[in-house]
file upload-v3.cif (mmCIF, C-alpha atoms)
data_start
#
loop_
_atom_site.label_atom_id
_atom_site.label_comp_id
_atom_site.auth_asym_id
_atom_site.auth_seq_id
_atom_site.Cartn_x
_atom_site.Cartn_y
_atom_site.Cartn_z
CA MET Q 379 44.55 88.35 152.77
CA LEU Q 380 41.19 89.08 151.19
CA LYS Q 381 41.30 90.14 147.55
CA ASP Q 382 37.96 91.72 146.73
CA ILE Q 383 36.44 93.72 149.58
CA THR Q 384 36.64 97.51 149.54
CA LEU Q 385 35.48 99.23 152.70
CA THR Q 386 37.08 102.66 152.56
CA ALA Q 387 35.62 105.90 151.29
CA ASN Q 388 39.05 107.37 150.48
CA MET Q 389 39.40 106.67 146.76
CA GLU Q 390 43.21 106.73 146.97
CA PHE Q 391 43.02 103.62 149.15
CA ALA Q 392 40.04 101.98 147.46
CA LYS Q 393 42.13 100.45 144.67
CA LEU Q 394 42.82 96.76 145.10
CA ALA Q 395 46.39 95.53 145.00
CA SER Q 396 47.38 93.44 141.99
CA ASP Q 397 47.74 89.67 142.29
CA GLU Q 398 51.51 90.17 142.08
CA GLN Q 399 51.47 92.68 144.95
CA ILE Q 400 49.31 90.33 147.02
CA GLU Q 401 51.67 87.39 146.42
CA HIS Q 402 54.77 89.48 147.15
CA THR Q 403 53.22 90.88 150.35
CA ALA Q 404 52.08 87.43 151.48
CA LYS Q 405 55.64 86.12 151.08
CA ALA Q 406 57.00 89.08 153.05
CA LEU Q 407 54.47 88.50 155.84
CA GLU Q 408 55.42 84.82 155.97
CA ALA Q 409 59.12 85.77 156.15
CA ASN Q 410 58.22 87.97 159.14
CA GLY Q 411 56.47 85.08 160.91
CA ILE Q 412 52.89 85.97 159.98
CA HIS Q 413 51.12 83.00 158.38
CA THR Q 414 49.11 84.27 155.42
CA VAL Q 415 46.14 82.74 153.62
CA ILE Q 416 44.77 84.40 150.49
CA ALA Q 417 41.02 84.29 149.92
CA GLU Q 418 39.51 85.12 146.53
CA ASN Q 419 36.44 86.85 148.01
CA GLY Q 420 34.56 87.64 151.19
CA GLU Q 421 32.64 84.37 151.23
CA GLU Q 422 35.86 82.38 151.05
CA ALA Q 423 37.49 84.57 153.72
CA LYS Q 424 34.57 83.91 156.06
CA ARG Q 425 34.76 80.16 155.42
CA ILE Q 426 38.50 80.13 156.11
CA PHE Q 427 38.02 82.20 159.25
CA PHE Q 428 35.60 79.68 160.71
CA GLU Q 429 37.90 76.80 159.76
CA LEU Q 430 40.56 78.46 161.92
CA VAL Q 431 38.35 79.05 164.97
CA PRO Q 432 36.90 75.87 166.51
CA GLU Q 433 33.34 75.98 167.81
CA GLY Q 434 33.20 76.66 171.53
CA SER Q 435 36.37 78.77 171.43
CA GLU Q 436 36.75 81.89 173.51
CA VAL Q 437 36.90 84.78 171.01
CA PHE Q 438 37.57 88.49 171.44
CA LEU Q 439 36.80 90.59 168.36
CA GLY Q 440 38.35 93.99 167.89
CA ALA Q 441 36.13 96.60 166.29
CA SER Q 442 36.29 95.87 162.55
CA VAL Q 443 34.13 97.00 159.66
CA THR Q 444 35.57 94.07 157.69
CA LEU Q 445 34.36 91.49 160.24
CA GLU Q 446 30.95 93.18 160.39
CA THR Q 447 30.60 93.34 156.60
CA LEU Q 448 31.47 89.66 156.20
CA GLY Q 449 29.01 88.60 158.92
CA ILE Q 450 31.77 87.21 161.13
CA LYS Q 451 31.00 89.52 164.06
CA ASP Q 452 27.32 88.51 164.22
CA GLU Q 453 28.13 84.82 163.90
CA ILE Q 454 30.69 85.01 166.72
CA ASP Q 455 28.49 87.17 168.96
CA LYS Q 456 25.04 85.73 168.30
CA SER Q 457 25.23 82.14 167.05
CA GLY Q 458 25.89 80.58 170.46
CA ARG Q 459 28.62 78.46 168.86
CA PHE Q 460 31.45 80.52 170.39
CA ASP Q 461 32.34 81.99 173.77
CA SER Q 462 32.21 85.61 172.59
CA LEU Q 463 33.91 87.97 175.03
CA ARG Q 464 32.77 91.41 173.78
CA PRO Q 465 29.11 90.98 174.76
CA LYS Q 466 30.22 89.76 178.20
CA MET Q 467 32.58 92.70 178.60
CA PHE Q 468 29.99 95.26 177.50
CA ALA Q 469 27.49 93.85 180.00
CA MET Q 470 29.93 94.42 182.88
CA ASN Q 471 30.22 97.66 184.85
CA ARG Q 472 33.58 99.29 184.11
CA GLU Q 473 33.81 100.89 187.55
CA THR Q 474 33.17 97.73 189.54
CA HIS Q 475 34.49 95.08 187.14
CA GLY Q 476 37.28 96.95 185.32
CA ARG Q 477 39.95 94.42 186.26
CA GLU Q 478 37.84 91.47 185.08
CA ILE Q 479 37.08 93.25 181.81
CA ARG Q 480 40.78 93.89 181.19
CA LYS Q 481 41.66 90.28 181.97
CA LEU Q 482 38.97 88.90 179.66
CA GLY Q 483 40.05 91.07 176.73
CA GLY Q 484 43.76 90.87 177.42
CA ALA Q 485 44.40 87.15 177.00
CA PRO Q 486 41.66 85.43 174.99
CA ASP Q 487 42.18 82.09 173.28
CA TYR Q 488 41.46 83.78 169.93
CA THR Q 489 41.35 87.42 168.97
CA ALA Q 490 40.36 88.69 165.56
CA GLY Q 491 40.03 91.94 163.70
CA SER Q 492 41.76 93.73 160.88
CA VAL Q 493 44.70 96.05 160.41
CA HIS Q 494 44.84 99.52 158.91
CA ALA Q 495 47.57 98.77 156.40
CA VAL Q 496 49.98 96.05 155.31
CA THR Q 497 53.26 97.06 153.71
CA GLU Q 498 54.71 95.22 150.74
CA ASP Q 499 57.71 94.30 152.90
CA GLY Q 500 55.49 92.52 155.44
CA SER Q 501 54.77 95.01 158.22
CA VAL Q 502 51.31 95.69 159.60
CA LEU Q 503 49.96 98.99 160.92
CA ILE Q 504 47.37 98.93 163.64
CA ALA Q 505 45.75 101.82 165.48
CA SER Q 506 43.03 101.63 168.08
CA ASN Q 507 40.48 104.03 169.51
CA THR Q 508 40.52 102.33 172.93
CA GLY Q 509 43.65 100.18 172.71
CA SER Q 510 41.66 97.08 173.68
CA GLN Q 511 42.92 94.90 170.83
CA LEU Q 512 46.58 95.96 170.95
CA GLY Q 513 47.53 93.80 173.94
CA PRO Q 514 45.98 90.61 172.59
CA TYR Q 515 47.38 91.29 169.10
CA ALA Q 516 50.90 91.85 170.43
CA SER Q 517 51.18 89.03 172.93
CA GLY Q 518 48.11 88.20 175.01
CA ALA Q 519 45.97 86.07 172.71
CA GLY Q 520 46.59 82.41 172.05
CA LYS Q 521 45.93 82.98 168.33
CA VAL Q 522 45.44 86.17 166.33
CA ILE Q 523 43.47 86.27 163.08
CA TRP Q 524 43.38 89.37 160.88
CA VAL Q 525 41.00 89.60 157.93
CA VAL Q 526 42.49 92.23 155.63
CA GLY Q 527 41.23 93.52 152.30
CA ALA Q 528 43.66 93.86 149.38
CA GLN Q 529 43.01 97.62 149.26
CA LYS Q 530 45.02 97.88 152.50
CA ILE Q 531 48.31 96.87 150.88
CA VAL Q 532 50.65 99.86 150.68
CA LYS Q 533 54.21 100.34 149.51
CA ASP Q 534 55.77 101.24 152.88
CA LEU Q 535 55.19 102.55 156.39
CA ASN Q 536 55.04 106.18 155.21
CA GLU Q 537 52.21 105.39 152.79
CA GLY Q 538 50.47 103.35 155.47
#
call {"tool": "encode", "arguments": {"input": "upload-v3.cif", "output": "structure tokens"}}
result
Amino acid sequence: MLKDITLTANMEFAKLASDEQIEHTAKALEANGIHTVIAENGEEAKRIFFELVPEGSEVFLGASVTLETLGIKDEIDKSGRFDSLRPKMFAMNRETHGREIRKLGGAPDYTAGSVHAVTEDGSVLIASNTGSQLGPYASGAGKVIWVVGAQKIVKDLNEG
């Protein structure tokens, strides 16, 4: 859980959660089987992210403004230190290599992105334009890492 990044234009959801809300939500996520690490800022979140993903790992990144803003996307895609799947998938022809594209994105060693909201009782809300990250998030990836700003903490599913 990242405490200090605000990436939304909607002012209602630009307010950061309090430290108490963050702690309560982190405990609820843990109770629901989602390991949670709290970072004080974007720099710390990026450092923690790369501690969790070993160099050379196969990584599929879902579209995420958070990962782009923190520089994680560019480091995964361009550093040469990781086996980044998105550039490979985008270079393939969907008509002739559709099955291979689905297989690459469906079961990566690591997948990462963000979520749209986290409820105080430990649920996450995820939507997707293409659906490409939903399979790996739900069951296909070996490990899933979400980098989530504290402005995404909401009271319940209705608010989310």
call {"tool": "closest_residue", "arguments": {"input": "upload-v3.cif", "among": "Q:Ala528, Q:Ala423, Q:Val431, Q:Ala519", "to": "Leu394 (chain Q)", "atoms": "only C-alpha atoms"}}
result
Q:Ala528
call {"tool": "resolve_selection", "arguments": {"input": "upload-v3.cif", "expression": "the PyMOL selection byres ((chain Q and resi 520) around 10)", "output": "VMD selection string"}}
result
chain Q and resid 436 485 to 489 514 to 515 517 to 519 521 to 522
call {"tool": "closest_residue", "arguments": {"input": "upload-v3.cif", "among": "Q:Glu498, Q:Ala516, Q:Gly440, Q:Ser396", "to": "Pro465 (chain Q)", "atoms": "only C-alpha atoms"}}
result
Q:Gly440
call {"tool": "residues_near_point", "arguments": {"input": "upload-v3.cif", "point": "(42.2, 91.7, 151.5)", "cutoff": "12 Å", "atoms": "only C-alpha atoms", "output": "PyMOL selection string"}}
result
chain Q and resi 379-385+392-397+399-401+403-404+414-420+422-424+444-445+448+492-496+524-532
call {"tool": "closest_residue", "arguments": {"input": "upload-v3.cif", "among": "Q:Gly449, Q:Ser510, Q:Val443, Q:Asp455", "to": "Ile479 (chain Q)", "atoms": "all atoms listed in the file"}}
result
Q:Ser510
call {"tool": "atom_distance", "arguments": {"input": "upload-v3.cif", "atom1": "CA of Gly458 (chain Q)", "atom2": "CA of Glu473 (chain Q)"}}
result
27.7 Å
call {"tool": "closest_residue", "arguments": {"input": "upload-v3.cif", "among": "Q:His402, Q:Gly476, Q:Ser457, Q:Ile450", "to": "Ile426 (chain Q)", "atoms": "all atoms listed in the file"}}
result
Q:Ile450
call {"tool": "closest_residue", "arguments": {"input": "upload-v3.cif", "among": "Q:Asn471, Q:Gln511, Q:Thr497, Q:Ser506", "to": "Leu439 (chain Q)", "atoms": "all atoms listed in the file"}}
result
Q:Gln511
call {"tool": "atom_distance", "arguments": {"input": "upload-v3.cif", "atom1": "CA of Leu463 (chain Q)", "atom2": "CA of Arg477 (chain Q)"}}
result
14.3 Å
call {"tool": "axis_aligned_box", "arguments": {"input": "upload-v3.cif", "around": "region 438-457 of chain Q", "padding_each_side": "3 Å", "output": "lines of an AutoDock Vina configuration file"}}
result
center_x = 31.7
center_y = 89.6
center_z = 163.8
size_x = 19.3
size_y = 20.9
size_z = 21.2
call {"tool": "atom_distance", "arguments": {"input": "upload-v3.cif", "atom1": "CA of Phe460 (chain Q)", "atom2": "CA of Asn507 (chain Q)"}}
result
25.2 Å
call {"tool": "resolve_selection", "arguments": {"input": "upload-v3.cif", "expression": "the PyMOL selection byres ((chain Q and resi 410) around 12)", "output": "list in words"}}
result
Thr403, Ala404, Lys405, Ala406, Leu407, Glu408, Ala409, Gly411, Ile412, His413, Thr414, Thr497, Glu498, Asp499, Gly500, Ser501 and Val502 of chain Q
call {"tool": "closest_residue", "arguments": {"input": "upload-v3.cif", "among": "Q:Gly434, Q:Glu398, Q:Gly483, Q:Met470", "to": "Leu512 (chain Q)", "atoms": "only C-alpha atoms"}}
result
Q:Gly483
